[in-house]
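Working notes, structure below.
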Amino acid sequence: MKTNEILDQLNEENIDSMFVYSPENIKYISDFYPSSFAYLIIDDEPILYVNSIDKESAEEKSQIETRDIVKFAEVKELLNGTIAVENSLDFGLTKYLSDDISSVKTSEVFYDKRKTKTKEEITKIKNSIGIAENAIGEIDFTSTEKFAAASLEFDMTINGSIKPAFDTIVASGKRSSSPHSETSMNRVETPIVVDWGAKYDYYCSDITRTFIDTERQQEIWDIVLEAQKAAISTIAPGVAVADVDNAARDVISEYGYGEYFIHSTGHGFGLEIHEDPVISNKVDTVLEENMVITAEPGIYIPGEFGVRIEDDVLVKKNSEVLTSLDKKLDFML
């Protein structure tokens with residue numbers, strides 16, 4: 001089904017063949033994620049070309065025909081007519097296509113298709129979320145931020161995660177006021193912002209919880225939760241992403257903390273941790289059914305602390321929050 005949809009869209013773009021080299025896009029079509037350089041040639045049908053070190057695994061996992069990789073000088077002979085490549089022409093193949101450069105186009109076909117998820121992809125994302133949620137109960141906050149992050153990642157790994165979906169964030173105390181604070185060797189103190197995700201069959205999850213223990217932290221946490229609820233309540237097919245972003249932003253601004261909400265309300269994810277759409281009032285995108293997005297407002301007060309709450313949401317008529325973890329979790333220092 002994915003292959004047919006890709007071929008149909010290429011036909012609509014008047015493209016005869018396509019060269020695909022992104023591991024995520026190769027996985028999307030073939031169900032095989034290469035460990036080394038590989039490429040996919042799409043003509044009348046897709047054919048996967050892999051390095052010898054990947055050949056056995058590719059033949060086992062790929063849903064399409066697999067062949068030995070050939071040199072770029074020979075790739076030209078595999079392509080015909082108007083040729084499409086992913087995103088840009090800035091890679092080694094182009095010099096071999098120099099005589100035909102007027103026939104080469106870029107195409108966003110894969111990224112357009114990957115915005116919405118199939119039933120199978122949604123199941124994989126749910127499995128990834130389950131691994132990530134189960135791991136948070138094993139986190140050890142009694143030592144350093146790095147130790148806490150490592151204990152979380154270890155539990156995800158032994159329970160089926162290929163690797164973390166991104167570098168796990170454990171940012172505590174004043175360091176929590178930076179949304180993407182690098183996890184340090186400092187001992188953990190409160191509040192503690194933990195942003196983590198697993199990868200199940202290369203599909204990501206993305207969750208954030210903030211652990212608090214003072215009235216001031218509770219005050220900010222309550223505002224962020226109210227903002228997140230407002231954002232999630234607006235999520236539905238046909239809704240502008242700007243409306244979702246503004247729903248969260250308006251709540252935080254009403255409490256006087258608008259200047260401390262310094263990022264967008266969320267983003268799409270799937271095979272990559274950041275995919276379209278961006279949930280921002282600076283873009284014109286409209287939500288579509290079966291997109292999977294995050295809802296993650298936050299307040300970050302420099303020199304004091306930060307709070308973020310993040311959940312994963314499936315866009316439907318009655319949108320479904322895929323994460324089931326309690327918003328507020330107990331901890332012990």
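Starting from 1 in every chain, residues are counted up; chains themselves are A, B, ... following the order of the structure tokens, and ligands are numbered from 1 as listed.
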
Exercise: range 188-200 of chain A partners within 8 Å, only C-alpha atoms, chain neighbours under 3 positions left out, as an mmCIF file with N, CA and C atoms, in the first residue's frame:
data_model
loop_
_atom_site.group_PDB
_atom_site.id
_atom_site.type_symbol
_atom_site.label_atom_id
_atom_site.label_comp_id
_atom_site.auth_asym_id
_atom_site.auth_seq_id
_atom_site.Cartn_x
_atom_site.Cartn_y
_atom_site.Cartn_z
ATOM 1 N N LYS A 124 3.345 0.457 16.446
ATOM 2 C CA LYS A 124 4.765 0.502 16.825
ATOM 3 C C LYS A 124 5.044 1.683 17.744
ATOM 4 N N ILE A 125 4.420 2.825 17.466
ATOM 5 C CA ILE A 125 4.592 3.982 18.341
ATOM 6 C C ILE A 125 4.028 3.687 19.730
ATOM 7 N N ASN A 127 3.854 0.776 21.150
ATOM 8 C CA ASN A 127 4.811 -0.122 21.806
ATOM 9 C C ASN A 127 6.008 0.654 22.340
ATOM 10 N N SER A 128 6.470 1.627 21.557
ATOM 11 C CA SER A 128 7.582 2.464 21.997
ATOM 12 C C SER A 128 7.207 3.260 23.237
ATOM 13 N N ILE A 129 6.007 3.798 23.245
ATOM 14 C CA ILE A 129 5.528 4.547 24.416
ATOM 15 C C ILE A 129 5.461 3.646 25.644
ATOM 16 N N ILE A 131 7.241 0.999 26.362
ATOM 17 C CA ILE A 131 8.595 0.751 26.869
ATOM 18 C C ILE A 131 9.084 1.950 27.670
ATOM 19 N N ALA A 132 8.871 3.154 27.128
ATOM 20 C CA ALA A 132 9.344 4.366 27.800
ATOM 21 C C ALA A 132 8.609 4.589 29.127
ATOM 22 N N PHE A 141 17.050 8.538 41.215
ATOM 23 C CA PHE A 141 17.367 9.949 41.400
ATOM 24 C C PHE A 141 18.329 10.190 42.569
ATOM 25 N N THR A 142 18.892 9.163 43.151
ATOM 26 C CA THR A 142 19.689 9.327 44.369
ATOM 27 C C THR A 142 21.133 9.706 44.093
ATOM 28 N N SER A 143 21.501 9.807 42.825
ATOM 29 C CA SER A 143 22.882 10.125 42.471
ATOM 30 C C SER A 143 22.900 11.340 41.547
ATOM 31 N N THR A 144 23.611 11.243 40.429
ATOM 32 C CA THR A 144 23.756 12.366 39.503
ATOM 33 C C THR A 144 22.690 12.320 38.411
ATOM 34 N N GLU A 145 22.569 13.435 37.698
ATOM 35 C CA GLU A 145 21.653 13.479 36.553
ATOM 36 C C GLU A 145 22.030 12.420 35.521
ATOM 37 N N MET A 156 14.968 0.861 29.403
ATOM 38 C CA MET A 156 14.321 0.843 28.089
ATOM 39 C C MET A 156 14.990 -0.175 27.173
ATOM 40 N N GLY A 160 13.335 -3.766 25.207
ATOM 41 C CA GLY A 160 12.969 -3.790 23.798
ATOM 42 C C GLY A 160 13.258 -2.554 22.987
ATOM 43 N N SER A 161 13.832 -1.520 23.590
ATOM 44 C CA SER A 161 14.172 -0.323 22.833
ATOM 45 C C SER A 161 15.473 -0.549 22.073
ATOM 46 N N ILE A 162 15.495 -0.207 20.778
ATOM 47 C CA ILE A 162 16.723 -0.314 19.994
ATOM 48 C C ILE A 162 17.776 0.623 20.553
ATOM 49 N N LYS A 163 17.365 1.813 20.868
ATOM 50 C CA LYS A 163 18.198 2.843 21.487
ATOM 51 C C LYS A 163 17.276 3.967 21.910
ATOM 52 N N PRO A 164 17.765 4.932 22.697
ATOM 53 C CA PRO A 164 16.901 6.066 23.036
ATOM 54 C C PRO A 164 16.491 6.809 21.770
ATOM 55 N N ALA A 165 15.289 7.353 21.760
ATOM 56 C CA ALA A 165 14.808 8.110 20.613
ATOM 57 C C ALA A 165 15.608 9.396 20.419
ATOM 58 N N PHE A 166 16.247 9.864 21.484
ATOM 59 C CA PHE A 166 17.088 11.066 21.478
ATOM 60 C C PHE A 166 17.889 11.030 22.764
ATOM 61 N N ASP A 167 18.808 11.959 22.934
ATOM 62 C CA ASP A 167 19.586 12.011 24.172
ATOM 63 C C ASP A 167 18.662 12.341 25.341
ATOM 64 N N THR A 168 18.574 11.414 26.285
ATOM 65 C CA THR A 168 17.703 11.605 27.440
ATOM 66 C C THR A 168 18.103 12.864 28.213
ATOM 67 N N ILE A 169 17.099 13.643 28.593
ATOM 68 C CA ILE A 169 17.340 14.859 29.373
ATOM 69 C C ILE A 169 16.916 14.627 30.813
ATOM 70 N N VAL A 170 17.829 14.815 31.724
ATOM 71 C CA VAL A 170 17.510 14.923 33.146
ATOM 72 C C VAL A 170 18.121 16.239 33.603
ATOM 73 N N ALA A 171 17.284 17.240 33.805
ATOM 74 C CA ALA A 171 17.747 18.577 34.171
ATOM 75 C C ALA A 171 17.088 18.967 35.482
ATOM 76 N N SER A 172 17.890 19.209 36.501
ATOM 77 C CA SER A 172 17.320 19.445 37.829
ATOM 78 C C SER A 172 17.742 20.798 38.388
ATOM 79 N N GLY A 173 16.960 21.247 39.385
ATOM 80 C CA GLY A 173 17.260 22.525 40.027
ATOM 81 C C GLY A 173 17.196 23.667 39.034
ATOM 82 N N SER A 176 16.995 23.215 35.154
ATOM 83 C CA SER A 176 15.744 22.860 34.488
ATOM 84 C C SER A 176 15.141 24.031 33.720
ATOM 85 N N TYR A 203 10.644 3.187 15.608
ATOM 86 C CA TYR A 203 9.615 4.197 15.819
ATOM 87 C C TYR A 203 9.753 4.789 17.220
ATOM 88 N N CYS A 204 9.657 6.106 17.302
ATOM 89 C CA CYS A 204 9.991 6.848 18.513
ATOM 90 C C CYS A 204 8.800 7.043 19.449
ATOM 91 N N SER A 205 9.123 7.411 20.668
ATOM 92 C CA SER A 205 8.171 7.983 21.622
ATOM 93 C C SER A 205 8.849 9.190 22.246
ATOM 94 N N ASP A 206 8.065 10.063 22.874
ATOM 95 C CA ASP A 206 8.609 11.315 23.404
ATOM 96 C C ASP A 206 7.724 11.769 24.569
ATOM 97 N N ILE A 207 8.275 11.724 25.774
ATOM 98 C CA ILE A 207 7.507 12.017 26.982
ATOM 99 C C ILE A 207 8.333 12.939 27.876
ATOM 100 N N THR A 208 7.666 13.852 28.563
ATOM 101 C CA THR A 208 8.345 14.654 29.590
ATOM 102 C C THR A 208 7.476 14.710 30.837
ATOM 103 N N ARG A 209 8.120 14.531 31.968
ATOM 104 C CA ARG A 209 7.487 14.741 33.265
ATOM 105 C C ARG A 209 8.414 15.610 34.118
ATOM 106 N N THR A 210 7.801 16.438 34.964
ATOM 107 C CA THR A 210 8.565 17.276 35.878
ATOM 108 C C THR A 210 8.203 16.907 37.306
ATOM 109 N N PHE A 211 9.219 16.537 38.067
ATOM 110 C CA PHE A 211 9.046 16.135 39.467
ATOM 111 C C PHE A 211 9.246 17.367 40.345
ATOM 112 N N ILE A 212 8.292 17.634 41.233
ATOM 113 C CA ILE A 212 8.291 18.869 42.024
ATOM 114 C C ILE A 212 8.141 18.557 43.509
ATOM 115 N N ASP A 213 8.507 19.556 44.368
ATOM 116 C CA ASP A 213 8.309 19.321 45.807
ATOM 117 C C ASP A 213 8.132 20.599 46.620
ATOM 118 N N GLN A 217 6.966 25.524 42.917
ATOM 119 C CA GLN A 217 7.035 24.602 41.788
ATOM 120 C C GLN A 217 5.646 24.081 41.420
ATOM 121 N N PHE A 305 13.877 27.944 37.819
ATOM 122 C CA PHE A 305 13.640 26.550 37.413
ATOM 123 C C PHE A 305 12.715 26.536 36.202
ATOM 124 N N GLY A 306 12.484 25.343 35.680
ATOM 125 C CA GLY A 306 11.559 25.171 34.565
ATOM 126 C C GLY A 306 10.642 23.989 34.794
ATOM 127 N N VAL A 307 9.505 24.002 34.091
ATOM 128 C CA VAL A 307 8.529 22.908 34.155
ATOM 129 C C VAL A 307 8.048 22.622 32.735
ATOM 130 N N ARG A 308 8.030 21.350 32.356
ATOM 131 C CA ARG A 308 7.436 20.937 31.077
ATOM 132 C C ARG A 308 6.666 19.645 31.301
ATOM 133 N N LEU A 333 14.698 11.366 46.545
ATOM 134 C CA LEU A 333 16.096 11.784 46.421
ATOM 135 C C LEU A 333 16.929 11.107 47.498
#

Within 10 Å of range 248-270 of chain A, which residues of range 129-188 of chain A show up? Give each one with its shortest atom-to-atom distance in Å (one decimal) and the two atoms involved, counting only C-alpha atoms, rows by chain then rising residue number, as CSV.
residue,atom,partner,partner_atom,distance
A:Ala165,CA,A:Gly270,CA,9.9
A:Ser177,CA,A:Tyr260,CA,9.3
A:Ser178,CA,A:Ile262,CA,9.7
A:Pro179,CA,A:His263,CA,8.4

Go ahead and save the picked residues with N, CA and C atoms, as a PDB file, in the first residue's frame.
ATOM      1  N   ALA A 165      15.289   7.353  21.760  1.00  0.00           N
ATOM      2  CA  ALA A 165      14.808   8.110  20.613  1.00  0.00           C
ATOM      3  C   ALA A 165      15.608   9.396  20.419  1.00  0.00           C
ATOM      4  N   SER A 177      15.684  25.253  33.900  1.00  0.00           N
ATOM      5  CA  SER A 177      15.149  26.411  33.190  1.00  0.00           C
ATOM      6  C   SER A 177      15.603  26.465  31.736  1.00  0.00           C
ATOM      7  N   SER A 178      16.462  25.536  31.320  1.00  0.00           N
ATOM      8  CA  SER A 178      16.854  25.423  29.914  1.00  0.00           C
ATOM      9  C   SER A 178      16.130  24.227  29.310  1.00  0.00           C
ATOM     10  N   PRO A 179      15.278  24.425  28.286  1.00  0.00           N
ATOM     11  CA  PRO A 179      14.440  23.325  27.773  1.00  0.00           C
ATOM     12  C   PRO A 179      15.228  22.107  27.323  1.00  0.00           C
TER      13      PRO A 179
END

Please give the complete set of residues from range 213-323 of chain A that DSSP, run on the backbone, assigns to alpha helix (DSSP H), formatted as JSON, numbers by chain. {"A": [215, 216, 217, 218, 219, 220, 221, 222, 223, 224, 225, 226, 227, 228, 229, 230, 231, 232, 233, 234, 241, 242, 243, 244, 245, 246, 247, 248, 249, 250, 251, 252, 253, 254]}

Name the residues of range 135-284 of chain A that fall into strand (DSSP E or B) according to DSSP on the backbone, using the chain letters and numbers of this document, as JSON, numbers by chain. {"A": [144, 169, 170, 171, 172, 187, 192, 193, 194, 195, 196, 199, 200, 203, 204, 207, 208, 209, 210, 211, 240, 266, 267, 268, 275, 276, 277, 278, 279]}

I need the residue nearest Lys2 in chain A from this list: A:Ser22, A:Ser17, A:Asn51, A:Thr118. Use only C-alpha atoms for the distance.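 Ranking A:Ser22, A:Ser17, A:Asn51, A:Thr118 by distance to Lys2 in chain A, first place goes to A:Thr118.
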
Which residues, written as a ChimeraX atom specification, have at least one atom at most 10 Å from Gln9 in chain A, with only C-alpha atoms counted and residues fewer than 4 positions away on the same chain left out? /A:4-5,13-15,107,109-110,112-113

Provide the CA of Glu153 in chain A to CA of Gly130 in chain A distance in Å, to one decimal place. 13.6 Å
